[in-house]
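Data file: structure17.tsv. Format and content: TSV, C-alpha atoms.
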chain	number	residue	atom	x	y	z
A	1	MET	CA	107.45	78.70	46.02
A	2	PRO	CA	111.05	77.78	45.17
A	3	LEU	CA	113.84	79.71	46.91
A	4	ALA	CA	115.28	81.13	43.66
A	5	LYS	CA	111.90	82.52	42.61
A	6	ALA	CA	111.29	84.02	46.10
A	7	LEU	CA	114.72	85.74	46.05
A	8	GLU	CA	114.05	87.08	42.55
A	9	LEU	CA	110.66	88.44	43.71
A	10	ALA	CA	112.29	90.11	46.75
A	11	GLN	CA	114.91	91.75	44.54
A	12	GLU	CA	112.23	92.98	42.16
A	13	TYR	CA	110.34	94.76	44.97
A	14	ASP	CA	113.57	95.94	46.64
A	15	LEU	CA	112.78	93.99	49.83
A	16	ASP	CA	114.48	91.25	51.87
A	17	LEU	CA	113.47	87.61	52.11
A	18	VAL	CA	113.26	86.90	55.86
A	19	GLU	CA	112.80	83.44	57.36
A	20	VAL	CA	109.97	83.73	59.91
A	21	ALA	CA	109.51	80.11	61.05
A	22	ALA	CA	112.57	77.95	60.51
A	23	ASN	CA	111.14	74.85	62.21
A	24	ALA	CA	108.04	74.66	60.01
A	25	ARG	CA	107.96	72.25	57.07
A	26	PRO	CA	108.46	73.83	54.58
A	27	PRO	CA	110.19	76.84	56.27
A	28	VAL	CA	108.07	80.01	56.22
A	29	CYS	CA	109.61	83.17	54.73
A	30	LYS	CA	108.31	86.71	54.31
A	31	LEU	CA	109.10	89.60	51.98
A	32	MET	CA	109.87	92.66	54.13
A	33	ASP	CA	112.30	95.46	54.86
A	34	TYR	CA	114.63	93.72	57.34
A	35	GLY	CA	116.01	96.96	58.85
A	36	LYS	CA	112.49	98.16	59.63
A	37	PHE	CA	111.61	94.75	61.08
A	38	LYS	CA	114.66	94.82	63.40
A	39	TYR	CA	113.85	98.37	64.52
A	40	GLU	CA	110.19	97.54	65.30
A	41	SER	CA	111.12	94.40	67.25
A	42	ALA	CA	113.71	96.37	69.25
A	43	MET	CA	111.07	99.00	70.07
A	44	LYS	CA	108.62	96.30	71.22
A	45	ALA	CA	111.31	94.77	73.44
A	46	ARG	CA	112.16	98.19	74.92
A	47	GLU	CA	108.49	98.89	75.64
A	48	ALA	CA	108.13	95.49	77.32
A	49	ARG	CA	111.19	96.21	79.52
A	50	LYS	CA	109.80	99.63	80.43
A	51	ASN	CA	106.54	98.11	81.67
A	52	GLN	CA	108.30	95.29	83.50
A	53	ALA	CA	108.42	95.70	87.27
A	54	HIS	CA	111.64	95.20	89.20
A	55	THR	CA	111.06	93.73	92.64
A	56	VAL	CA	112.79	96.00	95.12
A	57	ILE	CA	113.17	95.39	98.83
A	58	LYS	CA	113.50	98.60	100.81
A	59	GLU	CA	114.87	98.39	104.33
A	60	MET	CA	113.80	100.38	107.37
A	61	LYS	CA	115.83	100.12	110.58
A	62	LEU	CA	114.32	100.83	113.99
A	63	ARG	CA	115.34	100.58	117.65
A	64	PRO	CA	113.10	98.96	120.28
A	65	LYS	CA	112.84	102.19	122.35
A	66	ILE	CA	111.98	104.46	119.43
A	67	ASP	CA	110.47	107.91	120.11
A	68	PRO	CA	106.82	108.31	118.96
A	69	HIS	CA	107.68	111.05	116.44
A	70	ASP	CA	110.55	108.99	115.00
A	71	TYR	CA	108.19	106.02	114.75
A	72	ASP	CA	105.67	108.13	112.81
A	73	THR	CA	108.40	109.32	110.45
A	74	LYS	CA	109.63	105.77	109.79
A	75	LYS	CA	106.04	104.58	109.38
A	76	GLY	CA	105.54	107.33	106.76
A	77	HIS	CA	108.51	105.98	104.80
A	78	VAL	CA	107.13	102.43	105.01
A	79	VAL	CA	103.74	103.69	103.77
A	80	ARG	CA	105.40	105.47	100.84
A	81	PHE	CA	107.38	102.34	99.90
A	82	LEU	CA	104.27	100.14	100.04
A	83	LYS	CA	102.30	102.65	97.92
A	84	GLN	CA	105.07	102.46	95.31
A	85	GLY	CA	104.61	98.67	95.26
A	86	ASP	CA	107.94	97.80	96.93
A	87	LYS	CA	108.50	95.21	99.63
A	88	VAL	CA	109.78	96.55	102.94
A	89	LYS	CA	112.18	94.74	105.27
A	90	ILE	CA	111.91	96.12	108.78
A	91	THR	CA	114.89	95.50	111.04
A	92	ILE	CA	114.89	96.18	114.76
A	93	MET	CA	118.41	96.50	116.12
A	94	PHE	CA	118.99	95.49	119.73
A	95	ARG	CA	121.96	96.76	121.73
A	96	GLY	CA	123.28	95.69	125.12
A	97	ARG	CA	120.57	94.76	127.61
A	98	GLU	CA	117.85	95.27	125.00
A	99	GLN	CA	118.72	91.80	123.70
A	100	SER	CA	117.19	90.26	126.81
A	101	ARG	CA	113.80	91.90	125.95
A	102	PRO	CA	112.94	90.70	122.41
A	103	GLU	CA	109.21	91.10	123.17
A	104	LEU	CA	109.66	94.90	122.87
A	105	GLY	CA	110.80	94.48	119.27
A	106	TYR	CA	108.08	91.97	118.55
A	107	ARG	CA	105.38	94.35	119.86
A	108	LEU	CA	106.81	97.22	117.80
A	109	LEU	CA	106.76	95.13	114.62
A	110	GLN	CA	103.18	94.00	115.31
A	111	ARG	CA	102.12	97.63	115.86
A	112	LEU	CA	103.73	98.69	112.58
A	113	ALA	CA	102.08	95.80	110.72
A	114	GLU	CA	98.67	96.82	112.10
A	115	ASP	CA	99.26	100.48	111.18
A	116	VAL	CA	99.96	99.66	107.52
A	117	GLN	CA	97.66	96.66	107.05
A	118	ASP	CA	95.50	98.53	104.50
A	119	LEU	CA	98.56	98.96	102.21
A	120	GLY	CA	100.53	95.76	102.86
A	121	PHE	CA	100.60	92.39	104.55
A	122	VAL	CA	103.15	90.52	106.64
A	123	GLU	CA	105.10	88.41	104.19
A	124	SER	CA	107.44	86.89	106.78
A	125	ASN	CA	106.68	86.97	110.49
A	126	PRO	CA	109.12	88.61	112.94
A	127	LYS	CA	112.11	86.42	113.70
A	128	GLN	CA	115.23	86.96	115.77
A	129	ASP	CA	118.47	86.99	113.76
A	130	GLY	CA	121.39	87.52	116.14
A	131	ARG	CA	121.16	91.10	117.46
A	132	ASN	CA	118.36	91.99	115.03
A	133	MET	CA	114.71	91.10	114.62
A	134	ILE	CA	113.46	91.06	111.02
A	135	MET	CA	110.03	91.18	109.40
A	136	VAL	CA	109.13	91.63	105.71
A	137	LEU	CA	106.00	93.47	104.54
A	138	GLY	CA	104.65	92.99	101.02
A	139	PRO	CA	102.36	95.44	99.20
A	140	HIS	CA	98.75	94.53	98.35
A	141	LYS	CA	99.11	95.93	94.83
A	142	LYS	CA	101.81	94.98	92.39
A	143	LYS	CA	104.59	97.30	91.31
A	144	THR	CA	103.12	97.64	87.80
A	145	GLU	CA	99.74	98.72	89.21
A	146	ALA	CA	101.41	101.29	91.47
A	147	MET	CA	103.48	102.62	88.55
A	148	ALA	CA	100.36	102.91	86.36
A	149	GLU	CA	98.48	104.74	89.15
A	150	ALA	CA	101.37	107.17	89.65
A	151	ARG	CA	101.53	107.82	85.89
A	152	GLN	CA	97.78	108.52	85.76
A	153	ALA	CA	97.99	110.90	88.73
A	154	GLN	CA	100.87	112.76	87.08
A	155	GLU	CA	98.94	113.07	83.81
A	156	ALA	CA	95.90	114.34	85.71
A	157	ARG	CA	98.04	117.02	87.42
A	158	LYS	CA	99.45	118.08	84.03
A	159	ALA	CA	95.94	118.30	82.54
A	160	GLU	CA	94.75	120.37	85.52
A	161	ALA	CA	97.74	122.70	85.16
A	162	LYS	CA	96.85	123.25	81.49
A	163	ALA	CA	93.19	123.85	82.38
A	164	ASN	CA	94.07	126.37	85.13
A	165	PRO	CA	97.10	128.29	83.80
A	166	GLY	CA	96.49	131.26	86.20
A	167	ARG	CA	97.09	129.05	89.25
A	168	SER	CA	100.67	129.14	90.46
A	169	GLN	CA	102.93	126.10	90.21
A	170	ASN	CA	103.77	126.29	93.93
A	171	ALA	CA	100.08	125.98	94.89
A	172	ALA	CA	99.72	122.85	92.73
A	173	GLU	CA	102.87	121.34	94.26
A	174	ALA	CA	101.71	122.16	97.79
A	175	GLU	CA	98.39	120.45	97.11
A	176	ALA	CA	100.13	117.38	95.66
A	177	SER	CA	102.47	117.11	98.66
A	178	ALA	CA	99.50	117.46	101.04
A	179	GLU	CA	98.03	114.28	99.50
A	180	GLU	CA	101.21	112.30	100.23
A	181	PRO	CA	102.28	111.33	103.78
A	182	ALA	CA	104.66	113.69	105.54
A	183	GLU	CA	108.34	112.90	105.09
A	184	ALA	CA	110.71	114.46	107.57
Can you present the structure in this file as structure tokens?
Amino acid sequence: MPLAKALELAQEYDLDLVEVAANARPPVCKLMDYGKFKYESAMKAREARKNQAHTVIKEMKLRPKIDPHDYDTKKGHVVRFLKQGDKVKITIMFRGREQSRPELGYRLLQRLAEDVQDLGFVESNPKQDGRNMIMVLGPHKKKTEAMAEARQAQEARKAEAKANPGRSQNAAEAEASAEEPAEA
């Protein structure tokens, strides 16, 4: 249809004539409310950004002669990071004479990798970098999957709280924290 007739039709219906495909021959136009169209496209873009995962690398620093309890605490943090779908960079810092015994750091990294192998995999093998030894662990599940799982668990807790209103909030929180690894 000619441009003049299309503009006249748009004015008659109190709409805008919007060019949808400029590269097509002839160009494709649509009668619509342009403000509404801009708002809806902005909302779609915002929703897409919300669901987009940002790759985050968390870092955990250890010493070669780490105490067993400290090791368990650090391992708990690594487990939490991997469950959230983040990569974890583990750095072992050597000081003084410890630098002459890199096998201690290597064994510690191997032990940690074995302890968390159900949640993540070794993305880059241990390598010496000056005074430090570095290894990167990657999660088995993607960040988006982990975010969706966390959202579902939160919704399930909310639904349970509505179903059991007599149960105290502290009891529900204590049960939820018992499911997660200890963080101290």
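With only C-alpha atoms as the atoms that count, the residue of A:Leu108, A:Ala159, A:Leu15, A:Arg49 with the shortest distance to Phe37 of chain A is A:Leu15.
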What does the distance from atom CA of Met133 of chain A to atom CA of Ile90 of chain A come to in Å, to one decimal? 8.2 Å
Skipping near chain neighbours, those fewer than 6 positions away, what residues fall within 10 Å of Asn51 of chain A using all atoms listed in the file, listed as a short mmCIF file (atom, residue, chain, number, x, y, z; two decimals) with C-alpha atoms, in the coordinates of the input?
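Final output, result21.cif:
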data_model
loop_
_atom_site.label_atom_id
_atom_site.label_comp_id
_atom_site.auth_asym_id
_atom_site.auth_seq_id
_atom_site.Cartn_x
_atom_site.Cartn_y
_atom_site.Cartn_z
CA LYS A 143 104.59 97.30 91.31
CA THR A 144 103.12 97.64 87.80
CA MET A 147 103.48 102.62 88.55
CA ALA A 148 100.36 102.91 86.36
#
Excluding Pro64 of chain A and its own-chain neighbours fewer than 4 positions away, which residues fall within 8 Å of it when counting only C-alpha atoms? Please give them as a ChimeraX atom specification. /A:92-94,98,104-105,108
Enclose the full set of atoms of segment 105-112 of chain A listed in the file within a box whose edges lie along x, y and z, apply 5 Å of padding to each of the six sides, and report centre and edge lengths in Å to one decimal as JSON.
{"center_x": 106.5, "center_y": 95.3, "center_z": 116.2, "size_x": 18.7, "size_y": 16.7, "size_z": 17.3}
Interatomic distance, atom CA of Ile134 of chain A to atom CA of Glu103 of chain A (Å, one decimal):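 Going from atom CA of Ile134 of chain A over to atom CA of Glu103 of chain A covers 12.9 Å.
Taking atom CA of Arg46 of chain A and atom CA of Glu145 of chain A as the two end points, the separation is 18.9 Å.
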Spatial neighbours of Lys83 of chain A, 8 Å, only C-alpha atoms, chain gap at least 2 places, as a list in words: Val79, Arg80, Phe81, Gly85, Asp86, Leu119, Pro139 and Ala146 of chain A
Just give me the residues with any atom within 12 Å of (117.0, 87.2, 52.3), file coordinates, counting all atoms listed in the file, written as number ranges by chain. A: 3-11, 14-20, 29-35
Could you check the closest approach to Lys87 of chain A for each of A:Lys44, A:Lys127, A:Lys36, A:His140 and tell me which residue wins, using only C-alpha atoms? A:His140
Considering all atoms listed in the file, can you say which of A:Gly76, A:Gly120, A:Gly130, A:Gly138 comes closest to Pro102 of chain A? A:Gly130
Calculated over only C-alpha atoms, which of the candidates A:Leu137, A:Ala42, A:Tyr106, A:Pro68 has the smallest distance to Lys89 of chain A?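 Closest to Lys89 of chain A, using only C-alpha atoms: A:Leu137.
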Given all atoms listed in the file as the basis, pick out the residue of A:Pro26, A:Glu12, A:Met60, A:Ala113 nearest to Thr73 of chain A. A:Met60
So that I can check the surroundings of Val136 of chain A, please list as a list in words every protein, DNA and RNA residue that reaches within 9 Å of it, counting all atoms listed in the file and ignoring chain neighbours fewer than 4 positions away. Ile57, Glu59, Lys87, Val88, Lys89, Ile90, Thr91, Phe121, Val122, Glu123, Ser124, Asn125 and Pro126 of chain A
Proximity to Arg95 of chain A - best of A:Ala150, A:Leu62, A:Ala21, A:Leu109, all atoms listed in the file: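 Nearest candidate to Arg95 of chain A out of A:Ala150, A:Leu62, A:Ala21, A:Leu109: A:Leu62.
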